[in-house]
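This is entry29.cif (mmCIF, C-alpha atoms and all ligand atoms).
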```cif
data_input
loop_
_atom_site.label_atom_id
_atom_site.label_comp_id
_atom_site.auth_asym_id
_atom_site.auth_seq_id
_atom_site.Cartn_x
_atom_site.Cartn_y
_atom_site.Cartn_z
CA MET A 25 -17.32 55.38 -15.48
CA LEU A 26 -19.32 55.84 -18.63
CA ALA A 27 -22.07 53.29 -18.19
CA GLY A 28 -23.11 54.27 -14.65
CA HIS A 29 -23.90 57.79 -15.85
CA PHE A 30 -25.91 56.40 -18.79
CA GLY A 31 -27.76 54.21 -16.27
CA VAL A 32 -28.83 57.34 -14.41
CA ALA A 33 -30.23 58.71 -17.70
CA GLY A 34 -32.40 55.58 -18.08
CA ILE A 35 -33.66 55.87 -14.50
CA ILE A 36 -34.56 59.57 -14.91
CA LYS A 37 -36.25 58.92 -18.27
CA ALA A 38 -38.51 56.36 -16.57
CA TRP A 39 -39.33 58.93 -13.86
CA ARG A 40 -39.80 61.94 -16.20
CA PRO A 41 -40.75 60.50 -19.64
CA ALA A 42 -41.43 63.97 -21.12
CA LEU A 43 -37.66 64.63 -21.10
CA PRO A 44 -36.02 63.40 -24.33
CA MET A 45 -33.63 60.49 -23.74
CA GLY A 46 -31.02 62.19 -25.97
CA ALA A 47 -30.98 65.26 -23.70
CA LEU A 48 -30.65 63.04 -20.62
CA LEU A 49 -27.79 61.00 -22.15
CA VAL A 50 -25.91 64.23 -22.92
CA ALA A 51 -26.73 65.81 -19.53
CA THR A 52 -25.43 62.80 -17.60
CA GLN A 53 -22.12 62.90 -19.53
CA LEU A 54 -21.67 66.67 -19.87
CA PRO A 55 -18.54 67.04 -17.66
CA ASP A 56 -16.89 64.12 -19.51
CA LEU A 57 -17.84 65.73 -22.84
CA VAL A 58 -15.92 68.79 -21.66
CA PHE A 59 -13.07 66.56 -20.42
CA LEU A 60 -12.48 64.83 -23.79
CA PRO A 61 -11.35 67.87 -25.84
CA LEU A 62 -9.34 69.19 -22.87
CA ALA A 63 -7.64 65.78 -22.58
CA ALA A 64 -6.91 65.82 -26.33
CA LEU A 65 -5.27 69.23 -25.82
CA GLY A 66 -3.22 67.87 -22.89
CA VAL A 67 -4.89 70.22 -20.37
CA GLU A 68 -6.55 67.34 -18.50
CA SER A 69 -5.57 63.68 -18.25
CA GLY A 70 -6.10 60.27 -16.69
CA GLU A 71 -3.08 58.30 -15.46
CA PRO A 72 -2.76 55.03 -13.50
CA ALA A 73 -3.16 55.90 -9.80
CA GLY A 74 -0.06 53.93 -8.85
CA PRO A 75 2.64 51.59 -10.16
CA GLY A 76 1.26 48.30 -11.41
CA LEU A 77 -2.32 49.54 -11.44
CA SER A 78 -4.30 48.98 -14.62
CA GLY A 79 -7.81 48.16 -15.78
CA TYR A 80 -11.14 49.08 -14.25
CA GLY A 81 -11.03 51.89 -11.67
CA SER A 82 -7.26 52.31 -11.84
CA LEU A 83 -7.15 55.93 -12.95
CA LEU A 84 -6.20 59.08 -11.12
CA ILE A 85 -7.85 61.81 -13.13
CA THR A 86 -6.57 65.34 -13.52
CA ALA A 87 -9.61 67.33 -14.57
CA GLU A 88 -9.25 70.70 -12.93
CA TYR A 89 -11.69 72.46 -15.23
CA SER A 90 -14.27 69.93 -16.45
CA HIS A 91 -14.73 68.36 -12.99
CA ALA A 92 -14.25 71.29 -10.56
CA LEU A 93 -17.06 71.32 -7.98
CA VAL A 94 -17.89 75.00 -8.44
CA GLY A 95 -17.62 74.76 -12.24
CA ASN A 96 -20.06 71.84 -12.23
CA LEU A 97 -22.53 73.74 -10.05
CA VAL A 98 -22.39 76.64 -12.52
CA LEU A 99 -22.82 74.23 -15.46
CA ALA A 100 -25.84 72.61 -13.78
CA LEU A 101 -27.40 76.02 -13.07
CA LEU A 102 -26.78 77.10 -16.67
CA VAL A 103 -28.35 73.96 -18.18
CA GLY A 104 -31.22 74.06 -15.68
CA GLY A 105 -31.84 77.77 -16.26
CA LEU A 106 -31.76 77.54 -20.07
CA THR A 107 -34.07 74.50 -19.98
CA HIS A 108 -36.47 76.32 -17.68
CA VAL A 109 -36.58 79.43 -19.86
CA PHE A 110 -36.76 77.83 -23.30
CA LEU A 111 -38.13 74.31 -22.91
CA ARG A 112 -40.44 74.11 -19.91
CA ASP A 113 -43.54 74.36 -22.11
CA ARG A 114 -42.46 71.24 -24.02
CA TRP A 115 -40.63 69.25 -21.34
CA GLY A 116 -42.61 70.15 -18.23
CA ARG A 117 -42.62 72.79 -15.49
CA ASP A 118 -39.82 71.23 -13.45
CA ALA A 119 -37.71 70.15 -16.46
CA GLY A 120 -35.03 72.76 -15.62
CA VAL A 121 -34.65 71.50 -12.07
CA VAL A 122 -34.54 67.86 -13.17
CA LEU A 123 -32.07 68.42 -16.03
CA GLY A 124 -29.84 70.72 -13.96
CA GLY A 125 -29.88 68.12 -11.17
CA THR A 126 -29.02 65.44 -13.71
CA VAL A 127 -25.96 67.42 -14.83
CA PHE A 128 -24.76 67.84 -11.23
CA GLY A 129 -25.52 64.15 -10.56
CA HIS A 130 -22.52 63.31 -12.79
CA TRP A 131 -20.16 65.09 -10.38
CA LEU A 132 -21.78 63.41 -7.35
CA LEU A 133 -21.39 59.95 -8.90
CA ASP A 134 -17.78 60.77 -9.81
CA LEU A 135 -17.23 61.95 -6.21
CA LEU A 136 -18.27 58.48 -5.03
CA VAL A 137 -15.86 56.55 -7.27
CA HIS A 138 -12.90 58.87 -7.90
CA ARG A 139 -9.82 58.76 -5.74
CA PRO A 140 -9.26 62.20 -4.18
CA ASP A 141 -8.56 64.00 -7.45
CA LEU A 142 -11.52 66.38 -7.79
CA VAL A 143 -10.81 70.07 -7.23
CA VAL A 144 -13.23 72.52 -5.63
CA LEU A 145 -12.36 75.61 -7.69
CA PRO A 146 -11.46 75.60 -11.42
CA GLY A 147 -7.73 75.18 -11.99
CA GLY A 148 -7.33 74.01 -8.39
CA ALA A 149 -7.35 77.67 -7.31
CA GLY A 150 -6.79 78.31 -3.62
CA GLY A 151 -5.11 74.93 -3.09
CA LEU A 152 -8.24 73.54 -1.39
CA PRO A 153 -8.29 69.82 -0.46
CA LEU A 154 -8.97 67.37 -3.28
CA LEU A 155 -12.26 65.44 -3.12
CA GLY A 156 -13.13 61.82 -3.91
CA LEU A 157 -14.48 58.94 -1.83
CA GLY A 158 -12.37 56.43 -3.76
CA LEU A 159 -14.75 53.53 -4.42
CA TRP A 160 -12.50 52.66 -7.39
CA GLU A 161 -9.93 51.46 -4.85
CA SER A 162 -12.26 48.46 -4.48
CA PRO A 163 -12.82 47.75 -8.19
CA ALA A 164 -15.14 44.78 -7.60
CA VAL A 165 -17.46 46.82 -5.36
CA ALA A 166 -17.39 49.76 -7.78
CA ALA A 167 -18.23 47.42 -10.68
CA VAL A 168 -21.21 46.01 -8.77
CA VAL A 169 -22.50 49.54 -8.05
CA GLU A 170 -22.03 50.60 -11.67
CA GLY A 171 -23.56 47.34 -12.93
CA ALA A 172 -26.60 47.93 -10.69
CA LEU A 173 -27.06 51.43 -12.19
CA VAL A 174 -26.77 49.97 -15.71
CA LEU A 175 -29.30 47.23 -14.96
CA ALA A 176 -31.74 49.61 -13.24
CA GLY A 177 -31.41 52.15 -16.08
CA ALA A 178 -31.99 49.57 -18.84
CA LEU A 179 -34.90 47.85 -17.08
CA LEU A 180 -36.72 51.01 -15.96
CA TYR A 181 -36.25 52.68 -19.36
CA SER A 182 -37.59 49.59 -21.17
CA TRP A 183 -40.50 49.20 -18.77
CA ARG A 184 -41.62 52.81 -19.18
CA THR A 185 -41.08 52.91 -22.96
CA LEU A 186 -42.89 49.63 -23.62
CA ARG A 187 -45.75 50.76 -21.37
CA ASP A 188 -46.24 54.28 -22.72
CA HIS A 189 -45.09 54.31 -26.34
CA PRO A 190 -47.91 54.17 -28.90
CA SER A 191 -45.92 51.95 -31.28
CA ARG A 192 -44.85 48.65 -29.72
CA ALA A 193 -42.32 47.89 -32.48
CA ARG A 194 -40.63 51.29 -31.97
CA ALA A 195 -40.66 50.91 -28.20
CA GLN A 196 -38.90 47.55 -28.59
CA LEU A 197 -36.37 49.14 -30.95
CA TYR A 198 -35.66 52.02 -28.52
CA SER A 199 -35.36 49.62 -25.60
CA ALA A 200 -32.91 47.43 -27.51
CA GLY A 201 -30.90 50.51 -28.58
CA VAL A 202 -30.65 51.94 -25.07
CA GLY A 203 -29.87 48.48 -23.66
CA LEU A 204 -27.05 48.18 -26.20
CA ILE A 205 -25.62 51.61 -25.27
CA LEU A 206 -25.76 50.77 -21.55
CA VAL A 207 -24.31 47.27 -21.73
CA GLY A 208 -21.78 48.25 -24.43
CA SER A 209 -20.49 51.19 -22.39
CA PHE A 210 -20.30 48.99 -19.27
CA LEU A 211 -18.15 46.45 -21.15
CA PHE A 212 -16.03 49.38 -22.38
CA ASP A 213 -15.62 50.55 -18.75
CA LEU A 214 -14.68 47.08 -17.54
CA LEU A 215 -12.17 46.20 -20.28
ZN ZN B 1 -16.73 62.44 -15.06
#
```
Give the structure from the file, written as structure tokens.
Amino acid sequence: MLAGHFGVAGIIKAWRPALPMGALLVATQLPDLVFLPLAALGVESGEPAGPGLSGYGSLLITAEYSHALVGNLVLALLVGGLTHVFLRDRWGRDAGVVLGGTVFGHWLLDLLVHRPDLVVLPGGAGGLPLLGLGLWESPAVAAVVEGALVLAGALLYSWRTLRDHPSRARAQLYSAGVGLILVGSFLFDLL
């Protein structure tokens, strides 16, 4: 799920336009941005959840550091705290709360779709039960949910940008760019 998280960024941008879209795009993907180098190093991985499974929603993900519940809470608090201290004058009084919540929203959305493969403590410490509501086990339903997030994100972002931006040509350019990112990443997820 790449596109669904980007969709959330579009929705939050429409709700809190003072937050830069670039910061929201990064915030919604932060745990996956930690996952990628760890996966390259072989510390974390994604494998088919069972024999014969492939394509959309087929992965069982081992991400005991980038996607640990407690680690993600700490990450969200860190991003929220730093935003509050350094950027609230530019991005708004509640920017820290919104951006921190956006970071943790990634884990919540992953919780919905992942099979039970999310650990509570980093490294799976304590052997606590694995979490995941497993919507990916019904790929068609998961794709509809993710598609709805993509559509809502693209439409709300475009609506707000076209309404508020002083330059109409630029607003159209931004809307087209974000639409391309959202739809492109959704096709990437599906294929
Ligand atoms: Zn993730």
A straight line from CA of Leu145 (chain A) to CA of Tyr89 (chain A) spans 8.2 Å
Ref. answer, residues at most 12 Å from (-11.1, 62.9, -21.7) with only C-alpha atoms, as a ChimeraX atom specification: /A:25-26,53-71,83,85-91
Could you write those residues out with C-alpha atoms, as a PDB file, keeping the file's coordinate frame?
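Dumped to out-v6.pdb:
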```
ATOM      1  CA  MET A  25     -17.320  55.380 -15.480  1.00  0.00           C
ATOM      2  CA  LEU A  26     -19.320  55.840 -18.630  1.00  0.00           C
ATOM      3  CA  GLN A  53     -22.120  62.900 -19.530  1.00  0.00           C
ATOM      4  CA  LEU A  54     -21.670  66.670 -19.870  1.00  0.00           C
ATOM      5  CA  PRO A  55     -18.540  67.040 -17.660  1.00  0.00           C
ATOM      6  CA  ASP A  56     -16.890  64.120 -19.510  1.00  0.00           C
ATOM      7  CA  LEU A  57     -17.840  65.730 -22.840  1.00  0.00           C
ATOM      8  CA  VAL A  58     -15.920  68.790 -21.660  1.00  0.00           C
ATOM      9  CA  PHE A  59     -13.070  66.560 -20.420  1.00  0.00           C
ATOM     10  CA  LEU A  60     -12.480  64.830 -23.790  1.00  0.00           C
ATOM     11  CA  PRO A  61     -11.350  67.870 -25.840  1.00  0.00           C
ATOM     12  CA  LEU A  62      -9.340  69.190 -22.870  1.00  0.00           C
ATOM     13  CA  ALA A  63      -7.640  65.780 -22.580  1.00  0.00           C
ATOM     14  CA  ALA A  64      -6.910  65.820 -26.330  1.00  0.00           C
ATOM     15  CA  LEU A  65      -5.270  69.230 -25.820  1.00  0.00           C
ATOM     16  CA  GLY A  66      -3.220  67.870 -22.890  1.00  0.00           C
ATOM     17  CA  VAL A  67      -4.890  70.220 -20.370  1.00  0.00           C
ATOM     18  CA  GLU A  68      -6.550  67.340 -18.500  1.00  0.00           C
ATOM     19  CA  SER A  69      -5.570  63.680 -18.250  1.00  0.00           C
ATOM     20  CA  GLY A  70      -6.100  60.270 -16.690  1.00  0.00           C
ATOM     21  CA  GLU A  71      -3.080  58.300 -15.460  1.00  0.00           C
ATOM     22  CA  LEU A  83      -7.150  55.930 -12.950  1.00  0.00           C
ATOM     23  CA  ILE A  85      -7.850  61.810 -13.130  1.00  0.00           C
ATOM     24  CA  THR A  86      -6.570  65.340 -13.520  1.00  0.00           C
ATOM     25  CA  ALA A  87      -9.610  67.330 -14.570  1.00  0.00           C
ATOM     26  CA  GLU A  88      -9.250  70.700 -12.930  1.00  0.00           C
ATOM     27  CA  TYR A  89     -11.690  72.460 -15.230  1.00  0.00           C
ATOM     28  CA  SER A  90     -14.270  69.930 -16.450  1.00  0.00           C
ATOM     29  CA  HIS A  91     -14.730  68.360 -12.990  1.00  0.00           C
TER      30      HIS A  91
END
```
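If you measure from each of A:Gly151, A:Gly79, A:Gly116, A:Gly129 to ligand ZN 1 (chain B) using only C-alpha atoms and all ligand atoms, the closest one turns out to be A:Gly129.
Close contacts of Phe210 (chain A), defined as residues with an atom at most 10 Å away when counting only C-alpha atoms, with chain neighbours fewer than 5 positions off set aside, comprise Met25, Leu26, Ala27, Gly28, Phe30, Gly31, Ala167, Glu170, Gly171, Val174, Leu204, Ile205 and Leu215 of chain A.
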Please report the interatomic distance between CA of Pro163 (chain A) and CA of Ser82 (chain A) in Å with one decimal. 8.1 Å
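If all atoms listed in the file are the atoms counted, then among A:Ala73, A:Val202, A:Val94, A:Leu175 the closest residue to Pro140 (chain A) is A:Ala73.
CA of Ala164 (chain A) to CA of Ala176 (chain A) spans 18.2 Å [interatomic distance, one decimal].
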Leaving out Leu155 (chain A) and any residue of its chain fewer than 4 positions from it, which residues lie within 7 Å of it when counting all atoms listed in the file, given as an MDAnalysis selection string? chainID A and resid 135 140:143
Next, dump the selected residues to file, keeping only C-alpha atoms, as an mmCIF file, in the coordinates of the input.
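The result, stored in result08.cif:
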```
data_model
loop_
_atom_site.group_PDB
_atom_site.id
_atom_site.type_symbol
_atom_site.label_atom_id
_atom_site.label_comp_id
_atom_site.auth_asym_id
_atom_site.auth_seq_id
_atom_site.Cartn_x
_atom_site.Cartn_y
_atom_site.Cartn_z
ATOM 1 C CA LEU A 135 -17.230 61.950 -6.210
ATOM 2 C CA PRO A 140 -9.260 62.200 -4.180
ATOM 3 C CA ASP A 141 -8.560 64.000 -7.450
ATOM 4 C CA LEU A 142 -11.520 66.380 -7.790
ATOM 5 C CA VAL A 143 -10.810 70.070 -7.230
#
```
For Ala51 (chain A): contacts at 8 Å, all atoms listed in the file, fewer than 6 positions along chain excluded, given as an NGL selection string: :A and (123 or 126-127)
Tell me which protein, DNA and RNA residues are within 7 Å of Leu159 (chain A), counting all atoms listed in the file, leaving out same-chain ones fewer than 4 positions away, and put them as a list in words. Leu136, Val137, His138 and Ala166 of chain A
Identify the residues within 12 Å of coordinate (-43.0, 53.9, -31.1) (same frame as the file), considering all atoms listed in the file, and give the answer as a PyMOL selection string. chain A and resi 185-199
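You can rank A:Gly150, A:Gly208, A:Gly156, A:Gly203 by their closest distance to ligand ZN 1 (chain B) using only C-alpha atoms and all ligand atoms, and at the top of that list sits A:Gly156.
Take the candidates A:Leu111, A:Val207, A:Leu97, A:Leu48 and check each one against Ile36 (chain A) using all atoms listed in the file; the shortest distance goes to A:Leu48.
When only C-alpha atoms and all ligand atoms are used to compute distances to ligand ZN 1 (chain B), the closest of the residues A:Pro72, A:Thr52, A:Tyr181, A:Pro146 turns out to be A:Thr52.
The closest residue to ligand ZN 1 (chain B), picked from A:Asp134, A:Ile35, A:Phe128, A:Arg184 and counting only C-alpha atoms and all ligand atoms, is A:Asp134.
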Could you write region 30-45 of chain A as a compact mmCIF listing (two decimals), in the frame of the given file, with N, CA and C atoms rebuilt where they are missing?
```
# COMPACT_ATOMS: atom_id res chain seq x y z
N PHE A 30 -24.82 56.72 -17.86
CA PHE A 30 -25.91 56.40 -18.79
C PHE A 30 -27.06 55.72 -18.04
N GLY A 31 -26.73 54.87 -17.07
CA GLY A 31 -27.76 54.21 -16.27
C GLY A 31 -28.66 55.22 -15.59
N VAL A 32 -28.05 56.28 -15.06
CA VAL A 32 -28.83 57.34 -14.41
C VAL A 32 -29.80 57.96 -15.41
N ALA A 33 -29.35 58.14 -16.67
CA ALA A 33 -30.23 58.71 -17.70
C ALA A 33 -31.47 57.83 -17.90
N GLY A 34 -31.27 56.51 -17.92
CA GLY A 34 -32.40 55.58 -18.08
C GLY A 34 -33.37 55.67 -16.92
N ILE A 35 -32.82 55.79 -15.71
CA ILE A 35 -33.66 55.87 -14.50
C ILE A 35 -34.49 57.17 -14.53
N ILE A 36 -33.84 58.28 -14.90
CA ILE A 36 -34.56 59.57 -14.91
C ILE A 36 -35.60 59.60 -16.03
N LYS A 37 -35.28 58.98 -17.16
CA LYS A 37 -36.25 58.92 -18.27
C LYS A 37 -37.51 58.17 -17.83
N ALA A 38 -37.34 57.12 -17.05
CA ALA A 38 -38.51 56.36 -16.57
C ALA A 38 -39.34 57.21 -15.60
N TRP A 39 -38.68 58.10 -14.87
CA TRP A 39 -39.33 58.93 -13.86
C TRP A 39 -39.98 60.15 -14.49
N ARG A 40 -39.31 60.73 -15.52
CA ARG A 40 -39.80 61.94 -16.20
C ARG A 40 -39.79 61.69 -17.71
N PRO A 41 -40.78 60.91 -18.23
CA PRO A 41 -40.75 60.50 -19.64
C PRO A 41 -40.86 61.65 -20.63
N ALA A 42 -41.32 62.84 -20.19
CA ALA A 42 -41.43 63.97 -21.12
C ALA A 42 -40.05 64.50 -21.53
N LEU A 43 -39.02 64.19 -20.75
CA LEU A 43 -37.66 64.63 -21.10
C LEU A 43 -37.10 63.71 -22.17
N PRO A 44 -36.57 64.26 -23.28
CA PRO A 44 -36.02 63.40 -24.33
C PRO A 44 -34.80 62.62 -23.81
N MET A 45 -34.74 61.33 -24.19
CA MET A 45 -33.63 60.49 -23.74
C MET A 45 -32.29 61.05 -24.23
```
